[in-house]
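A short worksheet on the structure shown next.
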Amino acid sequence: MDAGPSQTGSGHAVQTQIFKFGKFTYGGEKRSNDEHKTHKFVKVINKDGDKLDVKKLVQAIKTKWDLKRPNLVISVTGGAWDFPMNRHVREVFRKGIVEAADSTNAVIITGGTNVGVMKYTGTAVKDYKMATGKGKKIVTLGIATWDKLRDDIKKGLNGAISSNTQPELTIQPPKGEEENGTLEPNHSHFILVEHGKMEWGADVPVRAEFEKQIKAMHEQPLGLEDKKIQDSQISCSSTEHATCNHSKARLNNDSAWTPDSSDKNQWIEVDLGVTKLVSEVVTQGNPNEDKWVTKYTVQYKVEKRDEWKFVTDDTEQNKILKFPGNSNRNSKQRNIFPVPIRASFVRLVPTEWRTNISMRFELRGSDDLPVVCILVEGGPNSIQQSCEAVEKGTPVVVVANSGRASDVLAYAFQEAGEKSDDDIENRLKTIIKEDEIAESKKLIKKAVHHSNMLNIYDAKSNIEIDHMILQALMKANITNIGLQVTLAQTWNRIDIVKDEIFRSLGETTDWERYNREIKETISGNFHQALIKNQEGFVKLYLDNGVVILENFITLDELKKLYVETKFKEDERVNEQNVLEKVRREIEDLTTLHFERYPLSSNVKDVGLHNYLQDPYRHLFIFAILNDFEEMAEYFWEEGQEHIASALVASKIYRSQAHMMTATYKEKRERFKKIEKKYDDLAYEVLDACESQSEKSDSPNIVLRNLPNWGRKTCLDLAEISGNRNFIAHSAVQTLLDEEIWSTRDGLNDTKAEKKEECCCIPYGRFIIFYIWSCLDVRTPKGRFCHNAAFYIMFLALFTYVMISDQLSNRWPAGWECFLIVWGITFVTEEIRQMGITIKEMKEYILNQWNWIDIYMLTSFVLGVILRLVNHRHEARIILAFSIFGFYFRLFHKLTFSKYTGPKVLMIGQMLIDLAVFMVILLIVLTGYGVAVQSVLYPHVTDHWNVFKEILYRPYFQIYGELFLEDIQGTADDCACSKNETAISLGATPCPQNTGWGIVFLALYMVFSNVLLLNLLIAMFSHTFDKVEEENDVHWKFLRYSLTKEYFNRPFLAPPLIILVHIYRLTRFCLGNWTPAVMVRKLSEEDDARTIKMEQRCGYEHILSKRRKQRQDASLRSRLEELDCSLRSRFHELDKNLKKLKTHISSNISPGNGTS
């Protein structure tokens, strides 16, 4: 497929270079999913021998292959013929180079053919992928000569190019001696250069130029037009007047830079802040006058103290380029540099102009892209490539002991100054022709003097080659601190940044001084650290003040973080809808409700940016949702609202663990451990607040309204997360005792609720007994007493109606009518509790006591309906089920007591055990029932009766009703029949006396009464012990639940509650009803003070914990040292004892011994 012509003209005749793209596969090459592996290639036709426009080639590749800009380029060069590689060097390839490429998102560039070092590289990629399951995204690019490929290979590739559909052509895999003209099958991309020359190495200049130009693959404007570059970063030789100063020189501005005089001493300069690769200048004239620059030169430098350099034509003459300027006011003139320049400062110097000097401009380029060359084995060309790379500032890692060229370079570097030139020359004679030795020796001597660029790696050493590559890049960029930090972070080597780079700047570093070299670079690094879960780097940047989080986390940045991590694989999620997706996920995991995320109050508009207030909280949620455990804990420590954040994190991990299937057992257990950790943190911070603050402050923390967490309180969050220990804390229990259960002081009573009491209490006092109306029905305690008393009266009335003959009447009358009305008020109250929103209904369903309410009230309503339609018998049965539920509901009233509450909980847990036991019992019971029925009654035709007997008889035999007459076959003949005809007509059959019934009964009784019942007892004992261990905690949690329930209930009990329901319904319809919430009323000042107090207590607790950990670590270290010292002394003592024994035994002669 033709990518179109590329025209070049640099002093030569204009000619056309063509890039043709295609795909192919190697025959027999399969992936695990049985799909053929596709290799992409581009054929570059350049037969005229003119210099190839590699920049255009790079841009074409970027468009067609959609390659992302790599973080590193690893250029592997060396032996171009098959050579034996020792085991250590093979490991360098398999574990080192490919692993470095995978971890750093690097591109590996080789010669592409299936021989020598290229073949070893491809095999290493394949082995790494098979061993780790990774490496799918490693781009391995081969740059080879088209003319030297086998004819059948070229024919197949031309066929792939000529097809408009780009078929995946199958080419037979290389075999034997023919491998020299084939492509290595594990490379992902190929550039095939057709020069019309039948010689190896014709592609080397293209490869060298490609490695330069790939740096500019993803160029973009550097910040003049969009004002990312500040006015203070632009300077000039002079300005005409204040309204037309140097800051007006931005592209597409409404004015332009004009100096006070037009001569060749004028210039305008840009400080880029950090080192960039600049590849292009775009200029315009003055938009208001006929003034523009027609020619100019470009100067650049990296350090401010450096000398200015000119952009040249990249030839041996290094001719200074004069770039063509503009021909009118507003058209844009683009000038591309022959090779991207590495610069921090760029200066434009006008040399020719129309009328006067006046211009606007923009620079285009990209971040600096590190390139490293790795030499393995090799010959003369390899020596030339490596030495030229060193001369041009590209670090080279020479793999020593790999043979030929690499060994010569390693020897020359290691023995520099100690060995004579003859030694090097003698080594060169083994690999180079006689007439090439002098030139090669000259290149080697030049390269050896660049000690910071040449690095020798011994495959037998303990250092991994990926670390050697990093060291080489660090040495080569020793003045570029920002790039050094980026490289160390790419390798995840925080020790280098902390111990070498930052420490070298001094402990009293003024970070503003290094703003150009560090701060801007680290903004991108910080983003990468967040999405790659590099908690150490995040902490390092924030603790050293390199990144100010409040100035970094904007709304757009938060969107990018989620799109690049949590929802990376979801194509439906983008930056426009990602935060809505986050909001829904938080709500699903926590049951909290947010109108939007983040809240409007969390966003602060400053200029063009929407900065987030309390960014630590947002990054804490980000880390939790992405399961970045250490990072989440760091943001929790640095943020505010420690207790609420810990409780929310606990709930999120609990929900995620609950959703995990058995397949993810290890991950589920890890989530449970993290949940427990955050539960403990919330408890510990509350404990620290209670011990360090005044007595009145702890209730403020627990009951403070939390706008950032769904307007809940810490108590609500603890209940949602199931943190029983938190609710059982003495601070919470004291609050329940002194301020909620009995008094309700200081809580947020709404005006609507106060009006409700004023309107409804007089009617309640008129109807009910004076003793009950004297109780303070505003408190949960008073409401509980009212409800308990009226509930018992309702049960008494219900019992009377059920055991009397009132249900026998045709129509309800008297007490029965009152019972129905009373029951209906229970139904209305239950509907109120259920709520009107989906969230309220979900919370309602999660409460197991509400299941009993639904059962008993549904059966009550159904019984009343049957009663009214004159199905009196059926109504009595349904109401019997209902009253059983009402009596069972009395257990809920017992939870207020410390003695009976835990017992109720035990019953609930034992019911779960009983359900499991009944499943087991049903299997045994059914098996025995079928066996006995088939033996005793073989001729029964009444199938319904058979199914009944299968379950009926075995079930009651568990309790001692053995039915021995039937089992033994001795039943009274008068009551049954043995005649099959009579049995078929409906007579009761007599059991068969076979003796097997007794055998089955004996086995069944042993299994059910001995084994299974003892299993049930053991299960109940385990549940009892488990609840008994935390008896106090369970009761306090039940007590809180009861307190909250009656806090939110209307102050009148059924049936008087109907007055409150009518009143609330009226207010709700009018739109002015606000329910009461268990929240502490705080002024803005008290609220801010409470937040600060909690934060201070949280920090002090964290510091105390760290001190204890350091002390424990120090103690362990001392104990280990003591243990080591004692072992050494005992060893020394043992040696001395042995010497003493030897000395004594040698000094006692046989004749002088004593008996």
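So you can find residues: chains in the structure tokens are A, B, ... in the order shown, residues in each start at 1, and ligands are numbered from 1 in order.
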
Got a sec to tell me which of segment 202-232 of chain A DSSP assigns to helix (DSSP H, G or I), as a count of residues only?
15

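The space separating atom CA of Ala813 of chain A from atom CA of Arg867 of chain A comes to 11.7 Å.
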
Neighbour list for Ile431 of chain A as a PyMOL selection string, cut-off 12 Å, only C-alpha atoms, skip fewer than 5 positions in-chain:
chain A and resi 79+377-383+403-408+424-426+436-437+440

Grab the atom CA of Tyr1046 of chain A to atom CA of His892 of chain A distance for me, in Å with one decimal place.
12.3 Å

Going by DSSP on the backbone, which residues of segment 265-329 of chain A come out as strand (DSSP E or B)? List them as a PyMOL selection string.
chain A and resi 268-284+292-301+309-310+312+320+323-324

Using N, CA, C and O atoms, can you write the selected residues to a file as a CSV table (one decimal), in the first residue's frame?
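So part.csv came out as:
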chain,number,residue,atom,x,y,z
A,268,ILE,N,15.4,37.5,19.5
A,268,ILE,CA,14.3,37.2,20.5
A,268,ILE,C,14.6,35.7,21.0
A,268,ILE,O,14.9,34.9,20.2
A,269,GLU,N,14.4,35.5,22.3
A,269,GLU,CA,14.9,34.3,22.9
A,269,GLU,C,13.8,33.7,23.8
A,269,GLU,O,13.0,34.4,24.4
A,270,VAL,N,13.7,32.3,23.9
A,270,VAL,CA,12.8,31.6,24.7
A,270,VAL,C,13.5,30.7,25.6
A,270,VAL,O,14.4,29.9,25.2
A,271,ASP,N,13.2,30.8,26.9
A,271,ASP,CA,13.6,29.8,27.9
A,271,ASP,C,12.6,28.8,28.1
A,271,ASP,O,11.5,29.0,28.6
A,272,LEU,N,12.8,27.6,27.6
A,272,LEU,CA,11.8,26.5,27.6
A,272,LEU,C,11.6,25.9,29.0
A,272,LEU,O,10.6,25.1,29.2
A,273,GLY,N,12.4,26.3,30.0
A,273,GLY,CA,12.2,25.7,31.3
A,273,GLY,C,12.9,24.4,31.6
A,273,GLY,O,13.5,24.2,32.6
A,274,VAL,N,12.8,23.5,30.6
A,274,VAL,CA,13.5,22.2,30.7
A,274,VAL,C,14.1,21.9,29.4
A,274,VAL,O,13.8,22.5,28.3
A,275,THR,N,14.9,20.9,29.3
A,275,THR,CA,15.5,20.5,28.1
A,275,THR,C,14.5,19.8,27.2
A,275,THR,O,13.9,18.8,27.6
A,276,LYS,N,14.4,20.3,26.0
A,276,LYS,CA,13.4,19.7,25.0
A,276,LYS,C,14.2,19.3,23.7
A,276,LYS,O,15.3,19.8,23.4
A,277,LEU,N,13.5,18.5,22.9
A,277,LEU,CA,14.0,18.2,21.5
A,277,LEU,C,13.2,19.1,20.6
A,277,LEU,O,12.0,18.9,20.4
A,278,VAL,N,13.8,20.2,20.1
A,278,VAL,CA,13.2,21.1,19.2
A,278,VAL,C,13.4,20.8,17.8
A,278,VAL,O,14.6,20.6,17.4
A,279,SER,N,12.4,20.6,17.0
A,279,SER,CA,12.5,20.1,15.6
A,279,SER,C,12.0,21.1,14.6
A,279,SER,O,12.2,20.9,13.4
A,280,GLU,N,11.3,22.2,15.0
A,280,GLU,CA,10.6,23.0,14.0
A,280,GLU,C,10.3,24.4,14.5
A,280,GLU,O,10.1,24.6,15.7
A,281,VAL,N,10.4,25.4,13.6
A,281,VAL,CA,10.0,26.8,13.9
A,281,VAL,C,8.9,27.2,13.0
A,281,VAL,O,9.0,26.9,11.8
A,282,VAL,N,7.8,27.8,13.5
A,282,VAL,CA,6.7,28.3,12.7
A,282,VAL,C,6.7,29.8,13.0
A,282,VAL,O,6.6,30.3,14.1
A,283,THR,N,6.7,30.6,11.9
A,283,THR,CA,6.7,32.1,12.0
A,283,THR,C,5.6,32.8,11.3
A,283,THR,O,5.0,32.2,10.4
A,284,GLN,N,5.2,34.0,11.8
A,284,GLN,CA,4.3,34.9,11.1
A,284,GLN,C,4.8,36.3,11.1
A,284,GLN,O,5.7,36.6,11.9
A,292,TRP,N,7.7,42.1,8.3
A,292,TRP,CA,7.9,40.7,8.6
A,292,TRP,C,9.4,40.4,8.3
A,292,TRP,O,10.1,41.1,7.6
A,293,VAL,N,9.8,39.3,8.9
A,293,VAL,CA,11.2,38.8,8.7
A,293,VAL,C,11.2,37.8,7.5
A,293,VAL,O,10.4,36.9,7.5
A,294,THR,N,12.2,38.0,6.6
A,294,THR,CA,12.2,37.1,5.4
A,294,THR,C,13.3,36.0,5.6
A,294,THR,O,13.2,35.0,4.9
A,295,LYS,N,14.3,36.3,6.4
A,295,LYS,CA,15.3,35.2,6.7
A,295,LYS,C,15.8,35.4,8.1
A,295,LYS,O,15.9,36.5,8.6
A,296,TYR,N,16.2,34.2,8.7
A,296,TYR,CA,16.7,34.3,10.1
A,296,TYR,C,17.5,33.0,10.4
A,296,TYR,O,17.4,32.0,9.7
A,297,THR,N,18.3,33.1,11.4
A,297,THR,CA,19.1,31.9,11.9
A,297,THR,C,18.5,31.5,13.3
A,297,THR,O,17.8,32.3,13.9
A,298,VAL,N,18.9,30.3,13.7
A,298,VAL,CA,18.4,29.8,15.0
A,298,VAL,C,19.6,29.4,15.8
A,298,VAL,O,20.5,28.6,15.3
A,299,GLN,N,19.7,29.9,17.0
A,299,GLN,CA,20.7,29.5,18.0
A,299,GLN,C,20.1,28.8,19.2
A,299,GLN,O,18.9,29.0,19.5
A,300,TYR,N,20.9,28.0,19.8
A,300,TYR,CA,20.4,27.2,21.0
A,300,TYR,C,21.5,26.8,21.9
A,300,TYR,O,22.7,26.8,21.6
A,301,LYS,N,21.1,26.5,23.1
A,301,LYS,CA,22.1,25.9,24.1
A,301,LYS,C,21.3,25.2,25.2
A,301,LYS,O,20.0,25.4,25.3
A,309,LYS,N,25.0,27.9,20.0
A,309,LYS,CA,25.3,27.1,18.8
A,309,LYS,C,24.3,27.4,17.8
A,309,LYS,O,23.1,27.7,18.1
A,310,PHE,N,24.7,27.3,16.5
A,310,PHE,CA,23.8,27.5,15.4
A,310,PHE,C,23.2,26.2,14.9
A,310,PHE,O,23.9,25.2,15.0
A,312,THR,N,22.7,23.9,12.1
A,312,THR,CA,23.4,23.7,10.8
A,312,THR,C,22.7,22.7,9.9
A,312,THR,O,21.7,22.1,10.3
A,320,ILE,N,25.9,27.0,8.5
A,320,ILE,CA,24.8,27.6,9.3
A,320,ILE,C,23.6,27.8,8.4
A,320,ILE,O,23.8,28.3,7.3
A,323,PHE,N,17.0,30.2,7.6
A,323,PHE,CA,15.7,29.7,7.3
A,323,PHE,C,14.9,30.8,6.6
A,323,PHE,O,14.9,32.0,6.9
A,324,PRO,N,14.1,30.4,5.6
A,324,PRO,CA,13.2,31.3,4.9
A,324,PRO,C,12.1,31.8,5.8
A,324,PRO,O,11.5,31.0,6.5

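Across the model, the gap from atom CA of Val1027 of chain A to atom CA of Thr895 of chain A is 14.1 Å.
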
Restricting to only C-alpha atoms, whichever of A:Asn809, A:Ser358, A:Gln613, A:Asn492 is closest to Leu868 of chain A is A:Asn809

Who sits within 6 Å of segment 219-227 of chain A, only C-alpha atoms, same chain under 3 positions skipped, as a ChimeraX atom specification:
/A:216,250-251,362-366

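Using only C-alpha atoms, the protein and nucleic acid residues lying no more than 9 Å from Arg583 of chain A, apart from those fewer than 4 places from it along its own chain, are A:Val578, A:Leu579, A:Glu587, A:Asp588, A:His593, A:Phe594, A:Glu595, A:Arg596, A:Tyr597, A:Pro598.
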
List the spatial neighbours of segment 447-457 of chain A as a ChimeraX atom specification - criterion: any atom at most 9 Å away, only C-alpha atoms, same-chain residues fewer than 5 positions off excluded.
/A:386-391,393-400,409-410,412-414,416,442,463,465,468-469,471-473,475-476,478

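Counting only C-alpha atoms and comparing A:Asp805, A:Glu830, A:Glu1029, A:Glu1094, the residue that lies closest to His642 of chain A is A:Glu1094.
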
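Proximity of A:Lys264, A:Lys839, A:Lys119, A:Arg1127 to Leu592 of chain A, computed with only C-alpha atoms, is greatest for A:Lys839.
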
Write out as a compact mmCIF listing (two decimals) with C-alpha atoms, in the first residue's frame each polymer residue whose atoms come within 10 Å of Ile652 of chain A, counting only C-alpha atoms; drop sequence neighbours fewer than 3 positions from it.
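Output contents, as saved in selection35.txt:
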# COMPACT_ATOMS: atom_id res chain seq x y z
CA GLU A 585 -19.15 2.82 41.39
CA ILE A 586 -18.63 4.58 44.74
CA GLU A 587 -22.38 4.51 45.37
CA ASP A 588 -22.60 0.81 44.49
CA LEU A 589 -19.71 -0.09 46.81
CA THR A 590 -20.62 2.16 49.76
CA THR A 591 -24.42 2.75 49.42
CA ILE A 621 -10.44 7.33 46.61
CA ILE A 624 -8.64 2.63 46.79
CA LEU A 625 -10.66 2.02 43.61
CA ALA A 646 -10.90 4.89 56.93
CA LEU A 647 -14.53 3.79 57.38
CA VAL A 648 -15.31 4.40 53.70
CA ALA A 649 -12.19 2.49 52.63
CA SER A 655 -17.93 -4.85 49.26
CA GLN A 656 -15.20 -5.87 46.82
CA ALA A 657 -14.29 -8.92 48.92
CA HIS A 658 -17.96 -9.89 49.07
CA PHE A 671 -9.15 -7.42 50.75
CA GLU A 675 -10.69 -3.94 55.48
CA SER A 721 -19.13 -0.63 57.00

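Nearest-residue note for Tyr562 of chain A: choosing from A:Ile845, A:Leu1103, A:Ala1002, A:Leu619, the minimum distance belongs to A:Leu619, counting only C-alpha atoms.
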